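Asker: To start, I am sharing the structure in question, which I have written as structure tokens.
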Amino acid sequence: MVKIIKAGQSAQVKADNNAQVRATVEKIIADIEQRGEAAVREYSERFDKWNPPSLRLSQEEIQACIDALSPQAIEDIKFAQAQIRRFAQIQLMSLRDVEVETLPGVVLGHRNIPVNSVGCYIPGGKYPLLASAHMSVLTAKVAGVKRVIACAPPFDGKPSPEIIAAMALAGADEIYVMGGVQGVAAMALGTESIAPVDMIVGPGNAYVAEAKRQLYGRVGIDLFAGPTETLVICDDSVDAELVAVDLLGQAEHGPTSPAYCVTTSRKIAEELPAAIETVLARLDTAPVASVSWRDYGEIILCETDEEMLQEAERLCSEHVQVMTRDPDWFLHRMTNYGALFLGHRTNVSYGDKVIGTNHTLPTMGAGRYTGGLWVGKFIKTHSYQRILTDEASVHIGEVCSRLCALEHFSGHKEQADIRVRRLGKQA
């Protein structure tokens, strides 16, 4: 039997918060759509205290950011990007154009074509999340996107050298310093100085995620990647301290980041609250992580692995860390999640920063119908058809005509019939 040891905020409180976010974002987007860059600058000044002569960085400013980092920092960024590039290239190799003769004289195929332009949002208001530049800019470039632009908010009142360096080393064609809804909207809608893009990608807070949702349709998006979510599935093969560290490692992202522990260990369920406090005491990010755990943290005690699986599928968390005696049992049965981290030797931080998989993952239950960002998200698969002989056209046309008649589509029917009449004489 499933028992809730600690619950997070109620569904009603979450719904009220979401309604407020929706209304705020809608107003900002409408204003930017009407007033363009003037509105972008006003919101940048209001929210980020940032309004430079140009929102786009020059090559000299970009190089200054790169030069501000230590050789070790540059080496580490390049190492991480090498892992992400390698896995993205492997994924790209799994996609191929196809062409096949399905019937005599009937050729069908598809081509994989990269999106022409992409805007990458890199979060950076609270922390300089340079890893997001690898995940979006670099992956888009591996996919073959011609124009990749990127933006991030200022950090401590100026462009973040770490983020800017990561963007540049990943291959960004244009780099802007602007954040939040105004940054996403500026890239999607365009301004007097920014050409609009075809697609917006990247994680962000609740406002950024809502901006992507509202802009979807006018531009493509990768997925809804809002506040970070993490779930630890564990049994008594691990201890409460390790679980606490892995929960708080993601709760520090922001005060609305859910963190769930689903366990069959009563010992862990009972010891975890105290372990959370112990770990918080050694984290500089405790002021944020503690609020997230207080308002959104949950402890769920189960009797069996089957019950843990049931709860994990219901929660559909962005990150799912499985620390049990047989993590592969969950690998082969789970269907609703963003990414899995199997066994005590790995963790979400490895995936977030360096191991090679992409850290932009579905949140808010979107893992039920989509996976995370990968090279294939930047590629459109377009079909085509070709008929090589009159006989094949007549054969398909006769069947098509009868099917169109069933649907009472006379125009469609005539498209088939005219070819049957003309080509049938020659066949």
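By convention here, the chains of the structure tokens are called A, B, ... in the order presented, each chain's residues are numbered starting at 1, and ligands are numbered starting at 1 in the order presented.
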List every residue of segment 90-246 of chain A that DSSP, applied to the backbone of this structure, places in helix (DSSP H, G or I), and write the result as a ChimeraX atom specification.

Answerer: /A:90-93,131-143,161-170,180-189,206-215,240-246

Asker: Please provide as a PDB file with all heavy atoms, in the first residue's frame all residues within 10 Å of Thr335 of chain A, with the sequence filter that same-chain residues fewer than 2 positions apart are discarded (counting only C-alpha atoms).

Answerer:
ATOM      1  N   LEU A 309       6.988   1.503  -9.184  1.00  0.00           N
ATOM      2  CA  LEU A 309       6.813   1.718 -10.621  1.00  0.00           C
ATOM      3  C   LEU A 309       5.524   2.480 -10.902  1.00  0.00           C
ATOM      4  O   LEU A 309       5.506   3.428 -11.702  1.00  0.00           O
ATOM      5  CB  LEU A 309       6.801   0.370 -11.343  1.00  0.00           C
ATOM      6  CG  LEU A 309       6.507   0.405 -12.849  1.00  0.00           C
ATOM      7  CD1 LEU A 309       7.590   1.167 -13.602  1.00  0.00           C
ATOM      8  CD2 LEU A 309       6.369  -1.011 -13.398  1.00  0.00           C
ATOM      9  N   ALA A 312       6.042   6.105  -9.934  1.00  0.00           N
ATOM     10  CA  ALA A 312       6.962   6.765 -10.867  1.00  0.00           C
ATOM     11  C   ALA A 312       6.266   7.096 -12.180  1.00  0.00           C
ATOM     12  O   ALA A 312       6.447   8.183 -12.751  1.00  0.00           O
ATOM     13  CB  ALA A 312       8.175   5.873 -11.122  1.00  0.00           C
ATOM     14  N   GLU A 313       5.452   6.172 -12.682  1.00  0.00           N
ATOM     15  CA  GLU A 313       4.715   6.412 -13.919  1.00  0.00           C
ATOM     16  C   GLU A 313       3.715   7.539 -13.736  1.00  0.00           C
ATOM     17  O   GLU A 313       3.499   8.358 -14.634  1.00  0.00           O
ATOM     18  CB  GLU A 313       4.002   5.134 -14.365  1.00  0.00           C
ATOM     19  CG  GLU A 313       4.933   4.018 -14.801  1.00  0.00           C
ATOM     20  CD  GLU A 313       5.497   4.241 -16.188  1.00  0.00           C
ATOM     21  OE1 GLU A 313       6.524   4.951 -16.279  1.00  0.00           O
ATOM     22  OE2 GLU A 313       4.942   3.734 -17.159  1.00  0.00           O
ATOM     23  N   CYS A 316       5.746  10.917 -13.521  1.00  0.00           N
ATOM     24  CA  CYS A 316       6.342  11.252 -14.832  1.00  0.00           C
ATOM     25  C   CYS A 316       7.370  12.370 -14.688  1.00  0.00           C
ATOM     26  O   CYS A 316       7.280  13.416 -15.318  1.00  0.00           O
ATOM     27  CB  CYS A 316       5.237  11.649 -15.821  1.00  0.00           C
ATOM     28  SG  CYS A 316       5.798  11.832 -17.535  1.00  0.00           S
ATOM     29  N   PHE A 330      13.502  -1.492 -13.672  1.00  0.00           N
ATOM     30  CA  PHE A 330      12.751  -0.269 -13.967  1.00  0.00           C
ATOM     31  C   PHE A 330      13.024   0.206 -15.401  1.00  0.00           C
ATOM     32  O   PHE A 330      12.118   0.708 -16.077  1.00  0.00           O
ATOM     33  CB  PHE A 330      13.106   0.822 -12.961  1.00  0.00           C
ATOM     34  CG  PHE A 330      12.572   0.556 -11.587  1.00  0.00           C
ATOM     35  CD1 PHE A 330      13.323  -0.174 -10.665  1.00  0.00           C
ATOM     36  CD2 PHE A 330      11.319   0.995 -11.212  1.00  0.00           C
ATOM     37  CE1 PHE A 330      12.828  -0.445  -9.395  1.00  0.00           C
ATOM     38  CE2 PHE A 330      10.803   0.726  -9.942  1.00  0.00           C
ATOM     39  CZ  PHE A 330      11.563   0.000  -9.032  1.00  0.00           C
ATOM     40  N   LEU A 331      14.260   0.049 -15.860  1.00  0.00           N
ATOM     41  CA  LEU A 331      14.592   0.429 -17.233  1.00  0.00           C
ATOM     42  C   LEU A 331      13.668  -0.258 -18.226  1.00  0.00           C
ATOM     43  O   LEU A 331      13.203   0.361 -19.190  1.00  0.00           O
ATOM     44  CB  LEU A 331      16.052   0.071 -17.527  1.00  0.00           C
ATOM     45  CG  LEU A 331      16.513   0.213 -18.990  1.00  0.00           C
ATOM     46  CD1 LEU A 331      16.445   1.664 -19.446  1.00  0.00           C
ATOM     47  CD2 LEU A 331      17.921  -0.342 -19.152  1.00  0.00           C
ATOM     48  N   HIS A 332      13.382  -1.521 -18.011  1.00  0.00           N
ATOM     49  CA  HIS A 332      12.599  -2.296 -18.969  1.00  0.00           C
ATOM     50  C   HIS A 332      11.089  -2.127 -18.792  1.00  0.00           C
ATOM     51  O   HIS A 332      10.324  -2.586 -19.635  1.00  0.00           O
ATOM     52  CB  HIS A 332      12.966  -3.777 -18.863  1.00  0.00           C
ATOM     53  CG  HIS A 332      14.395  -4.060 -19.214  1.00  0.00           C
ATOM     54  ND1 HIS A 332      14.975  -3.626 -20.384  1.00  0.00           N
ATOM     55  CD2 HIS A 332      15.367  -4.716 -18.521  1.00  0.00           C
ATOM     56  CE1 HIS A 332      16.239  -4.022 -20.415  1.00  0.00           C
ATOM     57  NE2 HIS A 332      16.507  -4.675 -19.297  1.00  0.00           N
ATOM     58  N   ARG A 333      10.672  -1.436 -17.730  1.00  0.00           N
ATOM     59  CA  ARG A 333       9.240  -1.300 -17.468  1.00  0.00           C
ATOM     60  C   ARG A 333       8.738   0.135 -17.485  1.00  0.00           C
ATOM     61  O   ARG A 333       7.554   0.366 -17.732  1.00  0.00           O
ATOM     62  CB  ARG A 333       8.896  -1.949 -16.118  1.00  0.00           C
ATOM     63  CG  ARG A 333       8.952  -3.481 -16.151  1.00  0.00           C
ATOM     64  CD  ARG A 333       8.921  -4.070 -14.753  1.00  0.00           C
ATOM     65  NE  ARG A 333       8.863  -5.538 -14.795  1.00  0.00           N
ATOM     66  CZ  ARG A 333       9.911  -6.323 -15.013  1.00  0.00           C
ATOM     67  NH1 ARG A 333      11.113  -5.773 -15.221  1.00  0.00           N
ATOM     68  NH2 ARG A 333       9.765  -7.636 -15.036  1.00  0.00           N
ATOM     69  N   TYR A 337       8.897   9.329 -18.360  1.00  0.00           N
ATOM     70  CA  TYR A 337       9.996  10.032 -17.692  1.00  0.00           C
ATOM     71  C   TYR A 337      10.748  10.863 -18.732  1.00  0.00           C
ATOM     72  O   TYR A 337      10.498  10.754 -19.932  1.00  0.00           O
ATOM     73  CB  TYR A 337      10.948   9.045 -17.013  1.00  0.00           C
ATOM     74  CG  TYR A 337      11.570   8.018 -17.947  1.00  0.00           C
ATOM     75  CD1 TYR A 337      12.777   8.267 -18.594  1.00  0.00           C
ATOM     76  CD2 TYR A 337      10.935   6.797 -18.170  1.00  0.00           C
ATOM     77  CE1 TYR A 337      13.335   7.329 -19.455  1.00  0.00           C
ATOM     78  CE2 TYR A 337      11.489   5.861 -19.020  1.00  0.00           C
ATOM     79  CZ  TYR A 337      12.688   6.130 -19.664  1.00  0.00           C
ATOM     80  OH  TYR A 337      13.234   5.200 -20.509  1.00  0.00           O
ATOM     81  N   GLY A 338      11.667  11.687 -18.246  1.00  0.00           N
ATOM     82  CA  GLY A 338      12.531  12.431 -19.150  1.00  0.00           C
ATOM     83  C   GLY A 338      13.799  11.656 -19.455  1.00  0.00           C
ATOM     84  O   GLY A 338      14.086  11.329 -20.594  1.00  0.00           O
ATOM     85  N   GLY A 367       6.693  13.957 -20.445  1.00  0.00           N
ATOM     86  CA  GLY A 367       7.352  12.688 -20.738  1.00  0.00           C
ATOM     87  C   GLY A 367       6.391  11.583 -21.121  1.00  0.00           C
ATOM     88  O   GLY A 367       6.807  10.525 -21.596  1.00  0.00           O
ATOM     89  N   ARG A 368       5.098  11.821 -20.971  1.00  0.00           N
ATOM     90  CA  ARG A 368       4.108  10.838 -21.419  1.00  0.00           C
ATOM     91  C   ARG A 368       4.043  10.761 -22.940  1.00  0.00           C
ATOM     92  O   ARG A 368       3.620   9.748 -23.493  1.00  0.00           O
ATOM     93  CB  ARG A 368       2.717  11.202 -20.887  1.00  0.00           C
ATOM     94  CG  ARG A 368       2.566  11.062 -19.373  1.00  0.00           C
ATOM     95  CD  ARG A 368       1.206  11.549 -18.898  1.00  0.00           C
ATOM     96  NE  ARG A 368       1.047  12.980 -19.111  1.00  0.00           N
ATOM     97  CZ  ARG A 368       0.218  13.514 -19.996  1.00  0.00           C
ATOM     98  NH1 ARG A 368      -0.533  12.754 -20.774  1.00  0.00           N
ATOM     99  NH2 ARG A 368       0.130  14.831 -20.123  1.00  0.00           N
ATOM    100  N   TYR A 369       4.444  11.858 -23.627  1.00  0.00           N
ATOM    101  CA  TYR A 369       4.304  11.883 -25.083  1.00  0.00           C
ATOM    102  C   TYR A 369       5.540  12.365 -25.837  1.00  0.00           C
ATOM    103  O   TYR A 369       5.542  12.383 -27.063  1.00  0.00           O
ATOM    104  CB  TYR A 369       3.096  12.744 -25.500  1.00  0.00           C
ATOM    105  CG  TYR A 369       3.130  14.167 -24.984  1.00  0.00           C
ATOM    106  CD1 TYR A 369       3.853  15.155 -25.639  1.00  0.00           C
ATOM    107  CD2 TYR A 369       2.426  14.532 -23.841  1.00  0.00           C
ATOM    108  CE1 TYR A 369       3.887  16.455 -25.169  1.00  0.00           C
ATOM    109  CE2 TYR A 369       2.449  15.829 -23.365  1.00  0.00           C
ATOM    110  CZ  TYR A 369       3.173  16.792 -24.031  1.00  0.00           C
ATOM    111  OH  TYR A 369       3.205  18.075 -23.558  1.00  0.00           O
TER     112      TYR A 369
END

Asker: I'd like the contact shell of Thr346 of chain A - 12 Å cut-off, only C-alpha atoms, skipping same-chain residues fewer than 3 positions apart - returned as a PDB file with C-alpha atoms, in the first residue's frame.

Answerer:
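Output contents, as saved in part22.pdb:
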ATOM      1  CA  LEU A 242      22.888   9.808  -0.611  1.00  0.00           C
ATOM      2  CA  ASP A 246      20.566  13.666  -5.018  1.00  0.00           C
ATOM      3  CA  VAL A 320      14.469   9.632 -12.538  1.00  0.00           C
ATOM      4  CA  GLN A 321      17.344   8.257 -10.509  1.00  0.00           C
ATOM      5  CA  VAL A 322      16.995   4.532  -9.806  1.00  0.00           C
ATOM      6  CA  MET A 323      19.097   3.300  -6.890  1.00  0.00           C
ATOM      7  CA  PRO A 327      17.751  -0.853 -11.652  1.00  0.00           C
ATOM      8  CA  LEU A 340      16.854   7.615 -16.419  1.00  0.00           C
ATOM      9  CA  PHE A 341      19.975   7.470 -14.250  1.00  0.00           C
ATOM     10  CA  LEU A 342      20.581   3.865 -13.328  1.00  0.00           C
ATOM     11  CA  GLY A 343      22.467   2.766 -10.237  1.00  0.00           C
ATOM     12  CA  SER A 349      24.456  16.037 -12.275  1.00  0.00           C
ATOM     13  CA  TYR A 350      26.561  13.862 -14.598  1.00  0.00           C
ATOM     14  CA  GLY A 351      23.807  14.029 -17.195  1.00  0.00           C
ATOM     15  CA  ASP A 352      23.267  17.747 -16.640  1.00  0.00           C
ATOM     16  CA  VAL A 354      29.198  16.334 -18.933  1.00  0.00           C
ATOM     17  CA  ILE A 355      28.394  12.689 -19.648  1.00  0.00           C
TER      18      ILE A 355
END

Asker: Excluding Leu301 of chain A and any residue of its chain fewer than 4 positions from it, enumerate the residues within 6 Å of it, using only C-alpha atoms, and give them as a list in words.

Answerer: Val2, Lys3, Thr263 and Thr264 of chain A

Asker: Do you have the atom CA of Glu229 of chain A-atom CA of Pro287 of chain A distance handy?

Answerer: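 One can read the atom CA of Glu229 of chain A to atom CA of Pro287 of chain A distance as 17.8 Å.
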
Asker: Where does segment 129-171 of chain A meet segment 196-204 of chain A within 9 Å, residue by residue, with the nearest atom pair and distance in Å to one decimal for each, counting only C-alpha atoms, listed by chain and rising number, as JSON lines?

Answerer:
{"residue": "A:Ser132", "atom": "CA", "partner": "A:Gly202", "partner_atom": "CA", "distance": 7.1}
{"residue": "A:Ala133", "atom": "CA", "partner": "A:Gly202", "partner_atom": "CA", "distance": 8.6}
{"residue": "A:Met135", "atom": "CA", "partner": "A:Gly202", "partner_atom": "CA", "distance": 8.2}
{"residue": "A:Ser136", "atom": "CA", "partner": "A:Gly202", "partner_atom": "CA", "distance": 6.3}
{"residue": "A:Arg147", "atom": "CA", "partner": "A:Val197", "partner_atom": "CA", "distance": 8.4}
{"residue": "A:Val148", "atom": "CA", "partner": "A:Val197", "partner_atom": "CA", "distance": 8.6}
{"residue": "A:Ile149", "atom": "CA", "partner": "A:Val197", "partner_atom": "CA", "distance": 8.3}

Asker: Which residues come within 12 Å of Glu391 of chain A, counting only C-alpha atoms, excluding same-chain residues fewer than 5 positions away, as number ranges by chain?

Answerer: A: 103-106, 396-398, 419-427

Asker: So how many Å separate atom CA of Glu210 of chain A and atom CA of Val375 of chain A, to one decimal?

Answerer: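 Straight-line distance from atom CA of Glu210 of chain A to atom CA of Val375 of chain A works out to 23.3 Å.
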
Asker: How many Å separate atom CA of Ile5 of chain A from atom CA of Glu298 of chain A?

Answerer: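 Answer for the atom CA of Ile5 of chain A to atom CA of Glu298 of chain A separation: 7.3 Å.
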
Asker: Taking only segment 107-242 of chain A into account, list the residues labelled strand (DSSP E) by DSSP (computed from the backbone), as a PyMOL selection string.

Answerer: chain A and resi 107-114+117-121+147-152+174-177+199-201+220-221+230-234

Asker: Measuring atom to atom with only C-alpha atoms, identify which of A:Gln20, A:Asp390, A:Gly376, A:Arg41 is nearest to Ser94 of chain A.

Answerer: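 For Ser94 of chain A, the nearest of the given residues is A:Gly376.
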
Asker: Contacts of Tyr176 of chain A at 8 Å or less, counting only C-alpha atoms, minus same-chain residues fewer than 6 places along, as a PyMOL selection string?

Answerer: chain A and resi 55-57+149-152

Asker: Please provide as a list in words all residues within 9 Å of Ala140 of chain A, with the sequence filter that same-chain residues fewer than 3 positions apart are discarded (counting only C-alpha atoms).

Answerer: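 Everything that qualifies: Pro114, Val115, Val118, Met135, Ser136, Val137, Ala143, Gly144, Val145, Lys146, Val148, Trp374, Val375, Lys377, Phe378 and Ile379 of chain A.
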
Asker: With only C-alpha atoms as the basis for distance, which of A:Asp417, A:Arg314, A:Gly109, A:Gly365 is at the shortest distance from Ala405 of chain A?

Answerer: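 The closest residue to Ala405 of chain A is A:Asp417.
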